[in-house]
Amino acid sequence: MRSNPVDIVRPPKQRKQEATPPSLDEAAALMAAAWRDKWPCLWLIILALGLHRGEALGLRWADVDSDNQTIRVEVAIQRQRGDVDEATGRRKGRLVSKDLKIEGSVKTLPVPASAMAELKEWRKAQRAMRVQAPVWLAVDLVFTTTLGTAIEPRNVNRQCVIVCREAGTRAIRVHDLRHAWATYLLERGINLKTIQAGLRHTQLSTTQRYVQTSKSCRAKRLT
């Protein structure tokens, strides 16, 4: 059998994209546009709590404690890659709910009163959506499709592009909102240990790099 010379070629490593958190003006424009979006509460929760995309999508109503104003973050929604379908040549996959990989990532987080109020309104809207849906998957997810199924993470990225366009801002990634949460707190004088606890980093040095990257990128945009 003849060997394929391509098999021995190492592809170049993909450069990790730098975080570019939105400025306060950009965040305000994004939130104004998000209020007209189909998932207004999703954007608010990601920004208010500094969650990863998958963590926000994995939130369950059982994790929301409105009496104590907290949310328990335990799982994340991810797309699990499967085997290639020989008939179509496409790789199969499915959405799964996975436990967070690091023990320190599982945490109960305080929720701002305004965000908790919006969660309550979102639950009312979701119940109305469920009544109108032809079918509804029996899950406890906070954020779902119109049929009660888990939201495809890539669709959140696509919707973020639409929100940015409506807001008239540059293209901002969903993950940049997590960086923004940390940066805003630091600028308000919140100590790094508190920010570390919110981000659920096991090492303080990780939080330091996280914030420094965010600050340096914001400084570049201002020069």
# chains A, B, ... in the order shown; residues from 1 in each chain; ligands from 1

call {"tool": "residues_around", "arguments": {"residues": "Leu185 in chain A", "least_positions_apart": "5", "cutoff": "10 Å", "atoms": "only C-alpha atoms", "output": "list in words"}}
result
Ala180, Ile190, Asn191, Leu192, Thr194, Ile195 and Val211 of chain A

call {"tool": "residues_around", "arguments": {"residues": "Ser205 in chain A", "least_positions_apart": "3", "cutoff": "12 Å", "atoms": "only C-alpha atoms", "output": "list of chain:residue names"}}
result
A:Leu192, A:Lys193, A:Ile195, A:Gln196, A:His201, A:Thr202, A:Gln208, A:Arg209, A:Tyr210, A:Val211, A:Gln212

call {"tool": "select_by_dssp", "arguments": {"residues": "chain A", "states": "strand (DSSP E)", "output": "list in words"}}
result
Val64, Asp65, Thr70, Ile71, Arg72, Val73, Val75, Ala76, Ile77, Gln78, Arg79, Gln80, Arg81, Gly82, Asp83, Val84, Arg91, Lys92, Gly93, Arg94, Leu95, Val96, Ser97, Lys98, Asp99, Lys107, Thr108, Leu109 and Pro110 of chain A

call {"tool": "residues_around", "arguments": {"residues": "Tyr184 in chain A", "least_positions_apart": "5", "cutoff": "9 Å", "atoms": "only C-alpha atoms", "output": "ChimeraX atom specification"}}
result
/A:23-24,179,189-190

call {"tool": "write_last_selection", "arguments": {"atoms": "C-alpha atoms", "output": "short mmCIF file (atom, residue, chain, number, x, y, z; two decimals), in the first residue's frame"}}
result
data_model
loop_
_atom_site.label_atom_id
_atom_site.label_comp_id
_atom_site.auth_asym_id
_atom_site.auth_seq_id
_atom_site.Cartn_x
_atom_site.Cartn_y
_atom_site.Cartn_z
CA SER A 23 -15.91 48.32 27.18
CA LEU A 24 -18.64 49.61 29.49
CA HIS A 179 -13.48 38.24 30.74
CA GLY A 189 -11.64 47.71 43.35
CA ILE A 190 -12.74 44.12 44.03
#

call {"tool": "atom_distance", "arguments": {"atom1": "CA of Thr70 in chain A", "atom2": "CA of Leu109 in chain A"}}
result
5.4 Å

call {"tool": "select_by_dssp", "arguments": {"residues": "chain A", "states": "alpha helix (DSSP H)", "output": "NGL selection string"}}
result
:A and (24-34 or 40-49 or 53-57 or 113-132 or 153-167 or 174-187 or 192-199 or 204-222)

call {"tool": "residues_around", "arguments": {"residues": "range 156-162 of chain A", "least_positions_apart": "4", "cutoff": "7 Å", "atoms": "only C-alpha atoms", "output": "list of chain:residue names"}}
result
A:Glu152, A:Glu166, A:Ala171, A:Val174

call {"tool": "write_last_selection", "arguments": {"atoms": "N, CA and C atoms", "output": "PDB file, in the first residue's frame"}}
result
ATOM      1  N   GLU A 152     -28.107  24.377  21.221  1.00  0.00           N
ATOM      2  CA  GLU A 152     -26.828  24.072  20.590  1.00  0.00           C
ATOM      3  C   GLU A 152     -25.839  25.205  20.887  1.00  0.00           C
ATOM      4  N   GLU A 166     -26.928  44.193  15.931  1.00  0.00           N
ATOM      5  CA  GLU A 166     -28.038  45.036  16.363  1.00  0.00           C
ATOM      6  C   GLU A 166     -27.555  46.153  17.292  1.00  0.00           C
ATOM      7  N   ALA A 171     -17.454  42.805  16.557  1.00  0.00           N
ATOM      8  CA  ALA A 171     -17.771  41.410  16.865  1.00  0.00           C
ATOM      9  C   ALA A 171     -17.174  41.036  18.218  1.00  0.00           C
ATOM     10  N   VAL A 174     -18.838  35.311  22.858  1.00  0.00           N
ATOM     11  CA  VAL A 174     -19.549  34.998  24.091  1.00  0.00           C
ATOM     12  C   VAL A 174     -18.559  34.912  25.251  1.00  0.00           C
TER      13      VAL A 174
END

call {"tool": "closest_residue", "arguments": {"among": "A:Val131, A:Leu57, A:Val96, A:Leu119", "to": "Ile151 in chain A", "atoms": "only C-alpha atoms"}}
result
A:Leu57

call {"tool": "atom_distance", "arguments": {"atom1": "CA of Ala167 in chain A", "atom2": "CA of Pro21 in chain A"}}
result
15.1 Å

call {"tool": "closest_residue", "arguments": {"among": "A:Gln69, A:Gln132, A:Thr88, A:Thr144", "to": "Thr108 in chain A", "atoms": "only C-alpha atoms"}}
result
A:Gln69

call {"tool": "residues_around", "arguments": {"residues": "Val135 in chain A", "least_positions_apart": "2", "cutoff": "9 Å", "atoms": "only C-alpha atoms", "output": "PyMOL selection string"}}
result
chain A and resi 130+132-133+137+147-148

call {"tool": "atom_distance", "arguments": {"atom1": "CA of Thr20 in chain A", "atom2": "CA of Arg173 in chain A"}}
result
8.0 Å

call {"tool": "closest_residue", "arguments": {"among": "A:Arg154, A:Lys107, A:Lys120, A:Arg200", "to": "Arg79 in chain A", "atoms": "only C-alpha atoms"}}
result
A:Arg154

call {"tool": "closest_residue", "arguments": {"among": "A:Leu186, A:Leu177, A:Met116, A:Ile71", "to": "Trp43 in chain A", "atoms": "only C-alpha atoms"}}
result
A:Leu177

call {"tool": "closest_residue", "arguments": {"among": "A:Arg36, A:Arg165, A:Lys124, A:Arg178", "to": "Leu49 in chain A", "atoms": "only C-alpha atoms"}}
result
A:Arg178

call {"tool": "closest_residue", "arguments": {"among": "A:Val139, A:Leu204, A:Ala197, A:Leu30", "to": "Val106 in chain A", "atoms": "only C-alpha atoms"}}
result
A:Ala197
